[in-house]
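Asker: If it helps, the file is called run-v7.txt and holds compact mmCIF, C-alpha atoms:
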# COMPACT_ATOMS: atom_id res chain seq x y z
CA CYS C 1 0.96 -13.61 10.00
CA ASP C 2 2.62 -14.91 13.15
CA GLY C 3 0.10 -17.74 13.21
CA ASN C 4 -0.96 -20.15 10.53
CA LEU C 5 -3.58 -18.46 8.37
CA SER C 6 -6.20 -20.48 6.57
CA ALA C 7 -7.57 -19.57 3.17
CA SER C 8 -11.10 -20.10 4.48
CA GLN C 9 -10.54 -17.58 7.28
CA LEU C 10 -9.29 -14.97 4.84
CA GLN C 11 -12.06 -15.79 2.38
CA GLY C 12 -14.56 -15.24 5.18
CA TRP C 13 -13.25 -11.72 5.70
CA ARG C 14 -13.66 -11.05 2.01
CA THR C 15 -17.19 -12.40 1.70
CA SER C 16 -18.62 -11.17 5.01
CA GLU C 17 -16.82 -7.83 5.32
CA GLY C 18 -15.86 -7.00 1.74
CA MET C 19 -12.21 -6.93 2.78
CA THR C 20 -9.76 -7.22 -0.10
CA MET C 21 -6.52 -6.37 1.73
CA ALA C 22 -5.04 -7.38 5.08
CA VAL C 23 -1.85 -6.58 6.95
CA CYS C 24 0.52 -9.51 7.17
CA SER C 25 2.72 -8.56 10.14
CA VAL C 26 5.57 -10.99 10.75
CA GLY C 27 7.33 -10.99 14.13
CA LEU C 28 11.03 -11.87 14.07
CA GLY C 29 11.79 -11.31 17.76
CA SER C 30 13.05 -14.87 18.18
CA PHE C 31 15.75 -14.33 15.58
CA ILE C 32 17.52 -11.15 16.75
CA ASN C 33 20.73 -13.13 17.22
CA SER C 34 20.26 -15.82 14.58
CA ALA C 35 19.08 -16.55 11.10
CA ILE C 36 15.33 -16.82 10.51
CA SER C 37 14.38 -20.47 10.94
CA GLN C 38 13.15 -22.47 7.99
CA ALA C 39 9.94 -23.14 9.92
CA LYS C 40 9.28 -19.38 10.12
CA LEU C 41 10.04 -18.93 6.42
CA ASP C 42 7.72 -21.83 5.60
CA GLN C 43 4.97 -20.25 7.69
CA PHE C 44 5.27 -16.99 5.74
CA ASN C 45 5.25 -18.96 2.48
CA ASN C 46 2.12 -20.87 3.50
CA ASN C 47 0.35 -17.71 4.65
CA MET C 48 1.03 -16.02 1.32
CA ASN C 49 -0.43 -19.06 -0.41
CA ALA C 50 -3.53 -18.66 1.76
CA PHE C 51 -3.83 -15.03 0.66
CA ARG C 52 -3.67 -16.14 -2.96
CA THR C 53 -6.29 -18.87 -2.55
CA ALA C 54 -8.62 -16.45 -0.73
CA GLY C 55 -8.23 -13.71 -3.33
CA LEU C 56 -6.79 -11.09 -0.96
CA LYS C 57 -3.73 -8.86 -1.18
CA ALA C 58 -1.21 -8.55 1.65
CA ILE C 59 0.37 -5.45 3.16
CA VAL C 60 3.60 -7.00 4.46
CA ARG C 61 5.61 -5.84 7.47
CA PHE C 62 8.47 -7.42 9.44
CA SER C 63 9.40 -6.36 12.98
CA TYR C 64 11.18 -7.59 16.10
CA SER C 65 8.92 -6.23 18.86
CA SER C 66 5.47 -4.80 19.50
CA ASP C 67 6.10 -2.28 22.27
CA THR C 68 7.99 0.94 23.00
CA SER C 69 11.11 -0.88 24.22
CA GLY C 70 12.52 -0.54 20.71
CA THR C 71 13.91 -4.06 20.74
CA ASP C 72 15.32 -4.85 17.32
CA ALA C 73 18.29 -6.37 15.53
CA ASN C 74 21.41 -4.57 14.36
CA LEU C 75 21.98 -3.53 10.76
CA THR C 76 24.10 -6.56 9.86
CA ARG C 77 21.48 -8.98 11.15
CA ILE C 78 18.63 -7.10 9.44
CA ARG C 79 20.45 -7.24 6.12
CA ALA C 80 20.97 -10.98 6.52
CA HIS C 81 17.30 -11.49 7.37
CA MET C 82 16.27 -9.48 4.32
CA ASP C 83 18.44 -11.67 2.12
CA GLN C 84 16.63 -14.73 3.50
CA LEU C 85 13.24 -13.15 2.80
CA LYS C 86 14.04 -11.93 -0.71
CA PRO C 87 13.09 -15.13 -2.62
CA TYR C 88 9.79 -15.35 -0.74
CA LEU C 89 8.91 -11.74 -1.52
CA GLU C 90 9.68 -12.40 -5.18
CA LYS C 91 7.71 -15.64 -5.23
CA HIS C 92 4.61 -14.00 -3.76
CA LYS C 93 4.73 -10.55 -5.34
CA ASP C 94 1.42 -11.26 -7.11
CA VAL C 95 -0.43 -11.21 -3.76
CA ILE C 96 1.65 -8.47 -2.14
CA ALA C 97 0.09 -5.03 -2.51
CA VAL C 98 2.90 -3.12 -0.81
CA VAL C 99 5.65 -3.69 1.77
CA HIS C 100 6.36 -1.56 4.85
CA ALA C 101 9.99 -0.63 5.45
CA GLY C 102 9.60 -2.23 8.89
CA PHE C 103 12.34 -3.99 10.92
CA ILE C 104 13.39 -0.92 12.95
CA GLY C 105 11.98 -0.50 16.46
CA GLY C 106 8.64 -1.33 18.04
CA TRP C 107 6.04 -2.54 15.53
CA GLY C 108 8.64 -1.88 12.81
CA GLU C 109 7.53 1.76 12.84
CA TRP C 110 10.98 3.36 13.20
CA ALA C 111 10.12 5.47 16.29
CA TYR C 112 11.76 3.75 19.29
CA SER C 113 14.82 1.65 18.54
CA GLN C 114 17.66 0.15 20.53
CA ASN C 115 19.93 -0.04 17.48
CA PHE C 116 18.84 2.94 15.36
CA GLY C 117 18.03 5.66 17.91
CA ASN C 118 14.73 7.20 18.96
CA LEU C 119 12.81 9.50 16.65
CA GLY C 120 13.48 13.12 17.57
CA SER C 121 17.05 12.55 18.78
CA LEU C 122 18.82 10.77 15.94
CA SER C 123 22.55 11.02 15.25
CA SER C 124 24.03 11.23 11.78
CA GLN C 125 24.99 7.55 12.14
CA ASN C 126 21.39 6.66 13.07
CA TRP C 127 20.18 8.38 9.91
CA ALA C 128 22.80 6.63 7.78
CA ASP C 129 21.84 3.25 9.24
CA ARG C 130 18.12 3.92 8.71
CA LYS C 131 18.74 4.83 5.08
CA ALA C 132 20.76 1.63 4.70
CA VAL C 133 17.74 -0.36 5.91
CA ALA C 134 15.46 1.44 3.42
CA ASP C 135 17.94 0.87 0.60
CA LYS C 136 18.23 -2.82 1.42
CA MET C 137 14.45 -3.16 1.65
CA LEU C 138 14.16 -1.70 -1.84
CA GLU C 139 16.78 -4.20 -3.02
CA VAL C 140 15.04 -7.31 -1.67
CA THR C 141 11.49 -6.20 -2.51
CA PRO C 142 10.51 -6.94 -6.13
CA VAL C 143 10.98 -3.84 -8.26
CA GLU C 144 7.28 -3.97 -9.17
CA ARG C 145 6.33 -3.19 -5.55
CA MET C 146 6.64 -0.08 -3.41
CA VAL C 147 8.12 0.21 0.08
CA GLN C 148 6.20 2.43 2.50
CA LEU C 149 7.98 4.69 5.01
CA ARG C 150 6.32 5.67 8.28
CA VAL C 151 6.76 9.49 8.20
CA PRO C 152 7.29 11.98 5.34
CA ASP C 153 10.57 13.26 6.82
CA PHE C 154 12.18 9.88 6.10
CA LYS C 155 11.42 10.20 2.38
CA ILE C 156 12.59 13.81 2.32
CA ARG C 157 15.91 12.86 3.93
CA PHE C 158 16.43 9.80 1.74
CA ALA C 159 15.24 11.14 -1.63
CA GLY C 160 15.05 14.93 -1.35
CA SER C 161 12.34 17.49 -0.65
CA THR C 162 11.11 17.77 -4.24
CA PRO C 163 7.97 15.61 -4.58
CA LEU C 164 7.81 12.77 -7.09
CA SER C 165 6.64 14.08 -10.46
CA ALA C 166 4.40 12.40 -13.01
CA SER C 167 7.40 11.83 -15.30
CA GLU C 168 9.40 10.21 -12.50
CA ALA C 169 6.56 7.98 -11.31
CA TYR C 170 6.63 4.22 -11.99
CA THR C 171 10.22 4.31 -13.30
CA GLY C 172 11.57 1.83 -10.73
CA THR C 173 13.90 4.31 -9.02
CA ALA C 174 14.13 4.61 -5.25
CA LYS C 175 12.25 7.89 -5.40
CA ALA C 176 9.47 6.26 -7.43
CA ARG C 177 9.19 3.29 -5.04
CA LEU C 178 9.50 4.84 -1.57
CA ALA C 179 5.88 5.42 -0.57
CA HIS C 180 4.11 6.39 2.66
CA HIS C 181 1.97 5.11 5.53
CA ASN C 182 0.57 6.90 8.59
CA ASP C 183 -0.31 4.62 11.49
CA CYS C 184 -1.50 7.45 13.75
CA PHE C 185 -3.84 9.18 11.30
CA LEU C 186 -5.78 12.03 12.99
CA ALA C 187 -4.26 11.24 16.44
CA SER C 188 -3.14 14.81 17.23
CA SER C 189 -2.11 18.04 15.52
CA ASN C 190 1.02 16.27 14.22
CA ASP C 191 -0.44 12.73 14.26
CA TRP C 192 1.75 11.75 17.21
CA GLY C 193 5.04 12.70 15.57
CA THR C 194 4.18 11.70 12.01
CA TYR C 195 4.78 15.30 10.93
CA THR C 196 7.60 17.63 11.95
CA ASN C 197 6.36 20.59 9.90
CA THR C 198 2.89 20.33 8.35
CA ALA C 199 3.41 23.56 6.39
CA THR C 200 5.95 21.82 4.17
CA GLU C 201 5.13 18.14 4.67
CA TYR C 202 1.40 18.39 3.84
CA PRO C 203 1.96 19.71 0.29
CA PHE C 204 4.89 17.30 -0.15
CA LEU C 205 2.78 14.31 0.86
CA GLN C 206 -0.20 15.46 -1.20
CA ALA C 207 1.94 15.64 -4.34
CA GLU C 208 3.83 12.41 -3.63
CA THR C 209 0.78 10.26 -3.01
CA THR C 210 -0.72 11.18 -6.36
CA HIS C 211 1.62 8.50 -7.72
CA LEU C 212 2.54 6.46 -4.61
CA ALA C 213 0.78 4.06 -2.27
CA MET C 214 -0.67 5.64 0.88
CA GLY C 215 -2.43 3.94 3.78
CA GLY C 216 -2.45 3.47 7.51
CA GLU C 217 -4.57 3.31 10.62
CA THR C 218 -5.93 5.52 13.38
CA CYS C 219 -4.47 5.27 16.89
CA ASN C 220 -6.12 7.90 19.12
CA TYR C 221 -9.41 9.78 19.26
CA ALA C 222 -8.68 13.52 19.32
CA PRO C 223 -11.82 15.46 18.36
CA PRO C 224 -12.50 17.55 16.39
CA ARG C 225 -9.46 16.48 14.33
CA SER C 226 -10.49 12.82 14.48
CA ASP C 227 -14.03 13.53 13.26
CA CYS C 228 -15.52 13.13 9.80
CA PRO C 229 -14.83 16.58 8.27
CA THR C 230 -11.05 16.38 8.77
CA ALA C 231 -10.97 12.67 8.01
CA LEU C 232 -12.67 13.07 4.63
CA LYS C 233 -10.52 16.08 3.76
CA GLU C 234 -7.20 14.40 4.51
CA LEU C 235 -8.09 10.97 3.14
CA ALA C 236 -8.74 12.73 -0.17
CA MET C 237 -5.79 15.11 0.10
CA PHE C 238 -3.29 12.32 0.72
CA HIS C 239 -4.87 9.81 -1.66
CA TYR C 240 -5.44 6.98 0.81
CA SER C 241 -5.76 3.48 -0.65
CA TYR C 242 -6.33 1.61 2.60
CA LEU C 243 -7.19 2.18 6.26
CA SER C 244 -7.23 -0.39 9.06
CA ASN C 245 -10.70 -1.49 10.18
CA GLY C 246 -9.29 -2.98 13.40
CA TYR C 247 -7.81 0.03 15.19
CA HIS C 248 -8.60 2.48 16.75
CA GLN C 249 -12.22 1.48 17.35
CA THR C 250 -13.16 4.77 19.07
CA VAL C 251 -12.18 6.69 15.95
CA LEU C 252 -13.85 4.21 13.61
CA ASN C 253 -17.04 4.28 15.69
CA ALA C 254 -17.03 8.07 15.46
CA PHE C 255 -16.90 7.75 11.66
CA LYS C 256 -19.90 5.42 11.82
CA ASN C 257 -21.88 7.60 14.23
CA GLN C 258 -21.16 10.76 12.25
CA GLY C 259 -22.10 9.14 8.94
CA CYS C 260 -18.88 9.10 6.90
CA TYR C 261 -17.83 5.46 7.37
CA GLU C 262 -19.60 4.16 4.26
CA GLU C 263 -18.15 6.93 2.09
CA ILE C 264 -14.69 6.07 3.39
CA LYS C 265 -15.22 2.40 2.50
CA GLN C 266 -16.35 3.35 -1.00
CA ARG C 267 -13.64 5.88 -1.81
CA LEU C 268 -10.48 4.35 -0.37
CA GLY C 269 -8.28 3.51 -3.33
CA TYR C 270 -9.67 3.73 -6.85
CA ARG C 271 -13.32 3.60 -7.86
CA TYR C 272 -13.82 3.53 -11.61
CA VAL C 273 -17.26 4.56 -12.84
CA LEU C 274 -18.22 4.19 -16.50
CA GLN C 275 -19.41 7.52 -17.89
CA ASN C 276 -20.20 6.45 -21.46
CA GLY C 277 -19.14 3.97 -24.11
CA SER C 278 -19.58 3.19 -27.80
CA TYR C 279 -18.59 0.00 -29.59
CA SER C 280 -18.90 -1.51 -33.05
CA THR C 281 -22.31 -3.16 -33.42
CA SER C 282 -20.91 -5.75 -35.82
CA ALA C 283 -17.51 -7.10 -36.82
CA LYS C 284 -16.13 -9.92 -38.96
CA PRO C 285 -13.68 -12.67 -37.97
CA GLY C 286 -10.19 -11.28 -38.41
CA GLY C 287 -11.68 -7.82 -38.73
CA SER C 288 -11.57 -4.70 -36.61
CA MET C 289 -13.81 -3.78 -33.69
CA ALA C 290 -13.91 -0.19 -32.42
CA VAL C 291 -13.94 0.35 -28.65
CA ASN C 292 -14.43 3.76 -27.06
CA PHE C 293 -15.32 4.40 -23.42
CA THR C 294 -14.83 7.00 -20.72
CA VAL C 295 -14.37 6.25 -17.01
CA GLN C 296 -14.10 8.55 -14.04
CA ASN C 297 -12.08 7.68 -10.96
CA LYS C 298 -14.34 8.63 -8.04
CA GLY C 299 -11.99 7.13 -5.47
CA TRP C 300 -9.29 8.95 -3.57
CA ALA C 301 -6.29 7.26 -5.17
CA SER C 302 -4.95 5.82 -8.37
CA ASN C 303 -3.95 2.20 -8.82
CA TYR C 304 -0.29 2.17 -7.73
CA ASN C 305 0.56 -1.34 -9.02
CA THR C 306 0.68 -2.33 -12.68
CA ARG C 307 -2.61 -3.69 -13.99
CA ASP C 308 -3.70 -4.61 -17.51
CA VAL C 309 -6.90 -3.23 -18.99
CA GLU C 310 -8.69 -5.84 -21.08
CA LEU C 311 -11.67 -5.95 -23.40
CA VAL C 312 -13.50 -9.21 -22.73
CA LEU C 313 -15.87 -10.64 -25.35
CA ARG C 314 -18.16 -13.42 -24.19
CA ASN C 315 -19.93 -15.95 -26.40
CA THR C 316 -23.46 -15.89 -25.04
CA SER C 317 -24.10 -19.45 -26.25
CA THR C 318 -20.98 -21.25 -25.06
CA GLY C 319 -19.71 -18.84 -22.41
CA GLY C 320 -16.32 -18.80 -24.14
CA LEU C 321 -14.19 -15.73 -23.39
CA TYR C 322 -11.86 -13.78 -25.66
CA ARG C 323 -9.53 -11.25 -24.04
CA PHE C 324 -7.77 -8.32 -25.69
CA LYS C 325 -5.27 -6.13 -23.89
CA LEU C 326 -5.97 -2.44 -24.39
CA ASN C 327 -3.37 0.32 -24.59
CA ALA C 328 -4.16 1.88 -21.22
CA ASP C 329 -2.39 2.30 -17.88
CA PRO C 330 -4.89 2.62 -14.98
CA ARG C 331 -2.14 3.91 -12.69
CA LYS C 332 -2.61 7.18 -14.58
CA TRP C 333 -6.40 7.30 -14.10
CA LEU C 334 -6.13 9.91 -11.34
CA PRO C 335 -8.83 10.79 -8.80
CA GLY C 336 -11.56 13.06 -10.15
CA GLN C 337 -10.43 12.73 -13.73
CA ASN C 338 -12.31 11.45 -16.76
CA VAL C 339 -10.19 9.14 -18.91
CA THR C 340 -11.15 8.02 -22.42
CA VAL C 341 -9.86 4.78 -23.93
CA SER C 342 -10.25 4.52 -27.70
CA GLN C 343 -8.85 1.61 -29.66
CA ASN C 344 -9.51 -0.66 -32.62
CA VAL C 345 -9.17 -4.32 -31.66
CA THR C 346 -8.38 -6.97 -34.26
CA LEU C 347 -10.57 -10.02 -33.73
CA PRO C 348 -9.33 -13.63 -34.09
CA ALA C 349 -9.65 -15.21 -37.51
Give the structure from this file in C-alpha cells form.

Answerer:
Amino acid sequence: CDGNLSASQLQGWRTSEGMTMAVCSVGLGSFINSAISQAKLDQFNNNMNAFRTAGLKAIVRFSYSSDTSGTDANLTRIRAHMDQLKPYLEKHKDVIAVVHAGFIGGWGEWAYSQNFGNLGSLSSQNWADRKAVADKMLEVTPVERMVQLRVPDFKIRFAGSTPLSASEAYTGTAKARLAHHNDCFLASSNDWGTYTNTATEYPFLQAETTHLAMGGETCNYAPPRSDCPTALKELAMFHYSYLSNGYHQTVLNAFKNQGCYEEIKQRLGYRYVLQNGSYSTSAKPGGSMAVNFTVQNKGWASNYNTRDVELVLRNTSTGGLYRFKLNADPRKWLPGQNVTVSQNVTLPA
C-alpha cells in the first residue's frame, strides 16, 4: 500500500489465485518528525477504495521502517498519526478484515525499536509505552474490528494470562479485540522469539484464537518443524484464518512438495459445509415458511467479524431476490462443530 493500487490488479489476484485478502502495509518513514501528509492519506484512501471495488479485504499495518534498525517515531508522534488515520479506518472498515498493532520498530513488528526498546530487554517504561500504543490503536480502530499483536506475551501483559472466554468474546472490550499474528510461523523452536514459554503460551493461544483473529506468515525453513505434519497441527491448533502466500517461499514450496498446500488453502479460516436441510415445500404470501438446516465448519477458524446469515428466495422467472435475515451468528460456528439453524420466516404480503 505504499504505491497506488489498482482495482484491476487486486481483482486479478482474486480471479487468478483465489486470493480474498491482502496485506496493506503502509510505510510512514517520511513522517517520523511531522504529520502524515494529505497526499499519503489520500493514497491510503484510494487504495482502500481499490480493495472495495476488487472485492478483497485488507489486513492493515502501519510502520516506519522495514529493517532491524528499529527506526520509528516516539509515542507522542505515533498518537498524533493515529488520530489522523482514525477517520480513514472508520470510513473503510467494511473492507478491513483486521488491523495489526504496528507502528513500533522494524516492519511494525515490535521487536527492534529505537523508541520502545528491543524485545528481550525491555524496561518498565518500554512496556508502559508499548501498552499505550496498543490502547491508542484500539481507540482509533473501529470497535467492530480487532487489533492483532505480534507475540502472545504482549496480550498476556496487557490483558492478563487468563484466555478470552466464550462469554467475553465479541463484547467490544480490549480483551475481546486484542488478537494475534505470528510472522515467523514454524521458523524455529520458539518461532524466532514469538514464544517465551510454549508450555504456557501454546494453551493460552489455542484458547484465545477460538474467538479471535489469527494469521501470519512463515520466515525461515527449519525442518522438520517447518514441514507439513507440524504445520497442519499448529494451523488447526491456533485457528489460523490467513497465511501469506508471498513469504517464505522455501517453506511454502515444502508444503507444496509434501502435499499439504491445497489442504492449507482450503482450511484457512472458515469452511461451511451443508450437512442437511429441510424447508417448507409451499407457503402463502404473508404466511410462514419453515427453514431448518445444519452446517459443519470444516475450516480451522470461526468468522471473527460480524456477518449476517440470510435466507435468499429467488423468483425463477424474473430473477427477483427476497432476503430474510436469520437469527444466527456465524462467529459462533466453531471449527469441527455442527450447527443447526431453525426458523420460521414470514413472507412478504

Asker: So how many Å separate atom CA of Gln258 of chain C and atom CA of Ser226 of chain C, to one decimal?

Answerer: 11.1 Å

Asker: Mind giving me the straight-line distance from atom CA of Ser16 of chain C to atom CA of Leu268 of chain C in Å, one decimal?

Answerer: 18.3 Å

Asker: What does the distance between atom CA of Thr218 of chain C and atom CA of His248 of chain C come to in Å, to one decimal place?

Answerer: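 Taking atom CA of Thr218 of chain C as the start and atom CA of His248 of chain C as the end point, the length is 5.3 Å.
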
Asker: Place a sphere of radius 12 Å on (3.5, 20.0, 2.3) in the file coordinates and name every protein, DNA or RNA residue with an atom inside or on its surface, counting all atoms listed in the file; give the answer as an MDAnalysis selection string.

Answerer: chainID C and resid 152:153 156 161:163 195:209 237:238

Asker: Write out as a VMD selection string the residues lying within 12 Å of Val291 of chain C, counting only C-alpha atoms and excluding same-chain residues fewer than 6 positions away.

Answerer: chain C and resid 276 to 283 310 to 313 324 to 327 340 to 346

Asker: May I have the selected residues written with C-alpha atoms, as a compact mmCIF listing (two decimals), keeping the file's coordinate frame?

Answerer:
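Contents of again.txt, freshly written:
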# COMPACT_ATOMS: atom_id res chain seq x y z
CA ASN C 276 -20.20 6.45 -21.46
CA GLY C 277 -19.14 3.97 -24.11
CA SER C 278 -19.58 3.19 -27.80
CA TYR C 279 -18.59 0.00 -29.59
CA SER C 280 -18.90 -1.51 -33.05
CA THR C 281 -22.31 -3.16 -33.42
CA SER C 282 -20.91 -5.75 -35.82
CA ALA C 283 -17.51 -7.10 -36.82
CA GLU C 310 -8.69 -5.84 -21.08
CA LEU C 311 -11.67 -5.95 -23.40
CA VAL C 312 -13.50 -9.21 -22.73
CA LEU C 313 -15.87 -10.64 -25.35
CA PHE C 324 -7.77 -8.32 -25.69
CA LYS C 325 -5.27 -6.13 -23.89
CA LEU C 326 -5.97 -2.44 -24.39
CA ASN C 327 -3.37 0.32 -24.59
CA THR C 340 -11.15 8.02 -22.42
CA VAL C 341 -9.86 4.78 -23.93
CA SER C 342 -10.25 4.52 -27.70
CA GLN C 343 -8.85 1.61 -29.66
CA ASN C 344 -9.51 -0.66 -32.62
CA VAL C 345 -9.17 -4.32 -31.66
CA THR C 346 -8.38 -6.97 -34.26

Asker: Give the answer as one residue: which of C:Thr316, C:Phe44, C:Ala328, C:Ser65 has the shortest atom-to-atom distance to Ser30 of chain C, using all atoms listed in the file?

Answerer: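 Closest to Ser30 of chain C, using all atoms listed in the file: C:Ser65.
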
Asker: Tell me which of C:Ala111, C:Ile264, C:Ala166, C:Ala39 sits closest to Trp333 of chain C, counting all atoms listed in the file.

Answerer: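 Closest to Trp333 of chain C, using all atoms listed in the file: C:Ala166.
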
Asker: List the spatial neighbours of Gly3 of chain C as a ChimeraX atom specification - criterion: any atom at most 10 Å away, all atoms listed in the file, same-chain residues fewer than 4 positions off excluded.

Answerer: /C:26-27,40,43-44,47

Asker: Could the residues of segment 93-208 of chain C that have an atom at most 8 Å from segment 297-307 of chain C be listed as a tab-separated table, each with its closest atom pair and the distance in Å to one decimal, counting all atoms listed in the file and ordered by chain and ascending residue number?

Answerer:
residue	atom	partner	partner_atom	distance
C:Ala97	CA	C:Asn305	CA	7.5
C:Glu144	CA	C:Asn305	CA	7.2
C:Arg145	CA	C:Asn305	CA	7.0

Asker: Could you write those residues out with C-alpha atoms, as a PDB file, in the coordinates of the input?

Answerer:
ATOM      1  CA  ALA C  97       0.090  -5.030  -2.510  1.00  0.00           C
ATOM      2  CA  GLU C 144       7.280  -3.970  -9.170  1.00  0.00           C
ATOM      3  CA  ARG C 145       6.330  -3.190  -5.550  1.00  0.00           C
TER       4      ARG C 145
END

Asker: Residues around (-8.8, -1.9, 12.6), cut-off 12 Å, counting all atoms listed in the file - what are they as an NGL selection string?

Answerer: :C and (19 or 21-23 or 183-184 or 216-219 or 242-253)

Asker: Restricting the calculation to only C-alpha atoms, which member of C:Ile78, C:Leu212, C:Ala176, C:Cys260 is positioned closest to Asp129 of chain C?

Answerer: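 Answer, going by the shortest atom-to-atom distance: C:Ile78.
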
Asker: From the list C:Ser63, C:Gln84, C:Asn182, C:Asn292, which residue is nearest His239 of chain C when using only C-alpha atoms?

Answerer: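 Closest to His239 of chain C, using only C-alpha atoms: C:Asn182.
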
Asker: For each of C:Val98, C:Leu122, C:Ala73, C:Ala7, take the minimum atom-to-atom distance to Cys24 of chain C, counting only C-alpha atoms, then give the residue where this is smallest.

Answerer: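 Smallest separation from Cys24 of chain C among the options: C:Val98.
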
Asker: Go through C:His211, C:Arg130, C:Lys91, C:Arg225 one by one, measure the shortest atom-to-atom distance of each to Leu164 of chain C using all atoms listed in the file, and give the residue with the smallest value.

Answerer: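 Using all atoms listed in the file, the shortest distance to Leu164 of chain C belongs to C:His211.
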
Asker: Excluding Gln9 of chain C and any residue of its chain fewer than 2 positions from it, enumerate the residues within 12 Å of it, using all atoms listed in the file, and give them as a list in words.

Answerer: Asn4, Leu5, Ser6, Ala7, Gln11, Gly12, Trp13, Arg14, Thr15, Ser16, Glu17, Met19, Ala22, Asn47, Ala50, Phe51, Thr53, Ala54, Gly55 and Leu56 of chain C

Asker: Please put the answer as lines of an AutoDock Vina configuration file: centre and edge lengths, in Å with one decimal, of a box along x, y and z that encloses all listed atoms of segment 70-79 of chain C plus 6 Å on each side.

Answerer:
center_x = 18.3
center_y = -4.8
center_z = 13.4
size_x = 23.6
size_y = 20.4
size_z = 26.6

Asker: Can you tell me, as a count of residues only, what residues are no more than 10 Å from Tyr261 of chain C when counting all atoms listed in the file, ignoring any on the same chain fewer than 4 positions away?

Answerer: 11
